[in-house]
Amino acid sequence: MKIYGFPVDEQGRCKHYYGQNDIVSIKFKCCRKYYPCYKCHKEAAKHHTELWRKEEFHKKAILCGECKHEISIESYLRNGKCHHCTAFFNPHCSKHYHLYFDSTE
């Protein structure tokens with residue numbers, strides 16, 4: 001999978017978020033491209049972000065930087081780690097969920 005934006009390493013860390021557990025890339029619904037974070041998307045894409053709706057959380061839109069498997073939004077939100085390789089994701093990413101996922105429905 002290609003990661004767009006500004007990744008700085010093979011695990012998908014970017015110039016904005018590069019901690020040990022910052023290994024998640026998110027497929028943006030609006031363009032169907034993986035970006036390391038909302039800041040990378042905002043800087044690189046020339047369109048507005050479209051949020052994933054709750055009824056779409058079953059779709060695979062999360063890329064684990066450790067094993068390169070796609071996982072569902074639902075699994076990502078529920079587990080905080082990859083169910084393929086068990087790599088842990090940054091728990092602080094939850095502060096930005098509202099920028100990717102619509103939770104108002």
# chains A, B, ... in the order shown; residues from 1 in each chain; ligands from 1
>>> residues_around(residues="Asn90 (chain A)", least_positions_apart="4", cutoff="10 Å", atoms="only C-alpha atoms", output="PyMOL selection string")
chain A and resi 17+19-24+80-81+94
>>> write_last_selection(atoms="C-alpha atoms", output="mmCIF file, in the first residue's frame")
data_model
loop_
_atom_site.group_PDB
_atom_site.id
_atom_site.type_symbol
_atom_site.label_atom_id
_atom_site.label_comp_id
_atom_site.auth_asym_id
_atom_site.auth_seq_id
_atom_site.Cartn_x
_atom_site.Cartn_y
_atom_site.Cartn_z
ATOM 1 C CA TYR A 17 3.761 12.275 14.549
ATOM 2 C CA GLY A 19 6.638 8.326 18.230
ATOM 3 C CA GLN A 20 7.291 4.617 18.598
ATOM 4 C CA ASN A 21 3.570 3.734 18.369
ATOM 5 C CA ASP A 22 2.692 6.180 15.577
ATOM 6 C CA ILE A 23 2.508 3.382 13.026
ATOM 7 C CA VAL A 24 -1.042 3.787 11.736
ATOM 8 C CA GLY A 80 -5.859 -0.147 19.975
ATOM 9 C CA LYS A 81 -3.562 -2.665 18.342
ATOM 10 C CA SER A 94 -8.080 8.965 20.011
#
>>> select_by_dssp(residues="region 19-100 of chain A", states="helix (DSSP H, G or I)", output="JSON, numbers by chain")
{"A": [38, 39, 40, 41, 42, 43, 44, 54, 55, 56, 73, 74, 75, 76, 77, 78, 79, 91, 92, 93, 94, 95, 96, 97, 98, 99]}
>>> write_last_selection(atoms="N, CA and C atoms", output="mmCIF file, in the first residue's frame")
data_model
loop_
_atom_site.group_PDB
_atom_site.id
_atom_site.type_symbol
_atom_site.label_atom_id
_atom_site.label_comp_id
_atom_site.auth_asym_id
_atom_site.auth_seq_id
_atom_site.Cartn_x
_atom_site.Cartn_y
_atom_site.Cartn_z
ATOM 1 N N TYR A 38 -3.990 13.489 9.747
ATOM 2 C CA TYR A 38 -4.843 14.525 9.167
ATOM 3 C C TYR A 38 -4.041 15.725 8.693
ATOM 4 N N LYS A 39 -2.921 16.012 9.341
ATOM 5 C CA LYS A 39 -2.091 17.150 8.927
ATOM 6 C C LYS A 39 -1.448 16.880 7.569
ATOM 7 N N CYS A 40 -0.971 15.658 7.374
ATOM 8 C CA CYS A 40 -0.388 15.289 6.068
ATOM 9 C C CYS A 40 -1.443 15.393 4.971
ATOM 10 N N HIS A 41 -2.661 14.924 5.266
ATOM 11 C CA HIS A 41 -3.738 14.999 4.288
ATOM 12 C C HIS A 41 -4.043 16.456 3.949
ATOM 13 N N LYS A 42 -4.131 17.289 4.957
ATOM 14 C CA LYS A 42 -4.454 18.699 4.747
ATOM 15 C C LYS A 42 -3.386 19.395 3.904
ATOM 16 N N GLU A 43 -2.134 19.061 4.127
ATOM 17 C CA GLU A 43 -1.036 19.680 3.381
ATOM 18 C C GLU A 43 -0.918 19.168 1.947
ATOM 19 N N ALA A 44 -1.259 17.910 1.724
ATOM 20 C CA ALA A 44 -1.034 17.298 0.414
ATOM 21 C C ALA A 44 -2.271 17.277 -0.485
ATOM 22 N N LYS A 54 -20.511 5.808 10.916
ATOM 23 C CA LYS A 54 -20.536 4.622 11.786
ATOM 24 C C LYS A 54 -20.888 3.347 11.035
ATOM 25 N N GLU A 55 -21.826 3.436 10.111
ATOM 26 C CA GLU A 55 -22.221 2.231 9.380
ATOM 27 C C GLU A 55 -21.141 1.749 8.412
ATOM 28 N N GLU A 56 -20.067 2.497 8.292
ATOM 29 C CA GLU A 56 -18.940 2.101 7.432
ATOM 30 C C GLU A 56 -17.737 1.605 8.240
ATOM 31 N N ILE A 73 -11.920 -0.211 10.596
ATOM 32 C CA ILE A 73 -12.010 0.923 11.512
ATOM 33 C C ILE A 73 -12.506 0.425 12.864
ATOM 34 N N GLU A 74 -13.486 -0.437 12.820
ATOM 35 C CA GLU A 74 -14.081 -1.009 14.028
ATOM 36 C C GLU A 74 -13.028 -1.691 14.907
ATOM 37 N N SER A 75 -12.186 -2.505 14.309
ATOM 38 C CA SER A 75 -11.131 -3.201 15.042
ATOM 39 C C SER A 75 -10.124 -2.203 15.617
ATOM 40 N N TYR A 76 -9.774 -1.238 14.836
ATOM 41 C CA TYR A 76 -8.834 -0.195 15.283
ATOM 42 C C TYR A 76 -9.374 0.549 16.499
ATOM 43 N N LEU A 77 -10.630 0.983 16.423
ATOM 44 C CA LEU A 77 -11.219 1.746 17.513
ATOM 45 C C LEU A 77 -11.402 0.894 18.770
ATOM 46 N N ARG A 78 -11.702 -0.370 18.595
ATOM 47 C CA ARG A 78 -11.983 -1.260 19.718
ATOM 48 C C ARG A 78 -10.718 -1.770 20.406
ATOM 49 N N ASN A 79 -9.682 -2.098 19.637
ATOM 50 C CA ASN A 79 -8.544 -2.819 20.193
ATOM 51 C C ASN A 79 -7.306 -1.981 20.502
ATOM 52 N N PRO A 91 -2.222 5.405 21.778
ATOM 53 C CA PRO A 91 -3.553 5.646 22.349
ATOM 54 C C PRO A 91 -3.979 7.110 22.283
ATOM 55 N N HIS A 92 -3.026 8.010 22.130
ATOM 56 C CA HIS A 92 -3.347 9.433 22.048
ATOM 57 C C HIS A 92 -3.992 9.818 20.717
ATOM 58 N N CYS A 93 -3.946 8.923 19.747
ATOM 59 C CA CYS A 93 -4.620 9.182 18.466
ATOM 60 C C CYS A 93 -6.123 9.379 18.661
ATOM 61 N N SER A 94 -6.646 8.837 19.755
ATOM 62 C CA SER A 94 -8.080 8.965 20.011
ATOM 63 C C SER A 94 -8.516 10.427 20.112
ATOM 64 N N LYS A 95 -7.598 11.304 20.416
ATOM 65 C CA LYS A 95 -7.907 12.742 20.482
ATOM 66 C C LYS A 95 -8.281 13.300 19.110
ATOM 67 N N HIS A 96 -7.921 12.577 18.059
ATOM 68 C CA HIS A 96 -8.158 13.045 16.692
ATOM 69 C C HIS A 96 -9.222 12.250 15.954
ATOM 70 N N TYR A 97 -9.879 11.307 16.617
ATOM 71 C CA TYR A 97 -10.873 10.468 15.946
ATOM 72 C C TYR A 97 -11.948 11.298 15.255
ATOM 73 N N HIS A 98 -12.332 12.406 15.861
ATOM 74 C CA HIS A 98 -13.386 13.240 15.274
ATOM 75 C C HIS A 98 -12.974 13.845 13.928
ATOM 76 N N LEU A 99 -11.704 13.798 13.603
ATOM 77 C CA LEU A 99 -11.218 14.313 12.321
ATOM 78 C C LEU A 99 -11.282 13.258 11.218
#
>>> closest_residue(among="A:Cys37, A:Cys67, A:Met1, A:Cys82", to="Tyr18 (chain A)", atoms="only C-alpha atoms")
A:Cys37
>>> decode(residues="region 69-81 of chain A", atoms="N, CA and C atoms", output="PDB file, in the first residue's frame")
ATOM      1  N   HIS A  69      -0.791  -4.881   7.138  1.00  0.00           N
ATOM      2  CA  HIS A  69      -2.140  -5.403   6.945  1.00  0.00           C
ATOM      3  C   HIS A  69      -3.158  -4.278   7.115  1.00  0.00           C
ATOM      4  N   GLU A  70      -4.211  -4.380   6.328  1.00  0.00           N
ATOM      5  CA  GLU A  70      -5.330  -3.461   6.496  1.00  0.00           C
ATOM      6  C   GLU A  70      -6.274  -4.058   7.530  1.00  0.00           C
ATOM      7  N   ILE A  71      -6.762  -3.203   8.416  1.00  0.00           N
ATOM      8  CA  ILE A  71      -7.740  -3.650   9.395  1.00  0.00           C
ATOM      9  C   ILE A  71      -8.952  -2.725   9.332  1.00  0.00           C
ATOM     10  N   SER A  72     -10.026  -3.188   9.901  1.00  0.00           N
ATOM     11  CA  SER A  72     -11.245  -2.386   9.869  1.00  0.00           C
ATOM     12  C   SER A  72     -11.147  -1.228  10.860  1.00  0.00           C
ATOM     13  N   ILE A  73     -11.920  -0.211  10.596  1.00  0.00           N
ATOM     14  CA  ILE A  73     -12.010   0.923  11.512  1.00  0.00           C
ATOM     15  C   ILE A  73     -12.506   0.425  12.864  1.00  0.00           C
ATOM     16  N   GLU A  74     -13.486  -0.437  12.820  1.00  0.00           N
ATOM     17  CA  GLU A  74     -14.081  -1.009  14.028  1.00  0.00           C
ATOM     18  C   GLU A  74     -13.028  -1.691  14.907  1.00  0.00           C
ATOM     19  N   SER A  75     -12.186  -2.505  14.309  1.00  0.00           N
ATOM     20  CA  SER A  75     -11.131  -3.201  15.042  1.00  0.00           C
ATOM     21  C   SER A  75     -10.124  -2.203  15.617  1.00  0.00           C
ATOM     22  N   TYR A  76      -9.774  -1.238  14.836  1.00  0.00           N
ATOM     23  CA  TYR A  76      -8.834  -0.195  15.283  1.00  0.00           C
ATOM     24  C   TYR A  76      -9.374   0.549  16.499  1.00  0.00           C
ATOM     25  N   LEU A  77     -10.630   0.983  16.423  1.00  0.00           N
ATOM     26  CA  LEU A  77     -11.219   1.746  17.513  1.00  0.00           C
ATOM     27  C   LEU A  77     -11.402   0.894  18.770  1.00  0.00           C
ATOM     28  N   ARG A  78     -11.702  -0.370  18.595  1.00  0.00           N
ATOM     29  CA  ARG A  78     -11.983  -1.260  19.718  1.00  0.00           C
ATOM     30  C   ARG A  78     -10.718  -1.770  20.406  1.00  0.00           C
ATOM     31  N   ASN A  79      -9.682  -2.098  19.637  1.00  0.00           N
ATOM     32  CA  ASN A  79      -8.544  -2.819  20.193  1.00  0.00           C
ATOM     33  C   ASN A  79      -7.306  -1.981  20.502  1.00  0.00           C
ATOM     34  N   GLY A  80      -7.059  -0.942  19.737  1.00  0.00           N
ATOM     35  CA  GLY A  80      -5.859  -0.147  19.975  1.00  0.00           C
ATOM     36  C   GLY A  80      -4.574  -0.835  19.559  1.00  0.00           C
ATOM     37  N   LYS A  81      -4.728  -1.951  18.859  1.00  0.00           N
ATOM     38  CA  LYS A  81      -3.562  -2.665  18.342  1.00  0.00           C
ATOM     39  C   LYS A  81      -3.982  -3.446  17.108  1.00  0.00           C
TER      40      LYS A  81
END
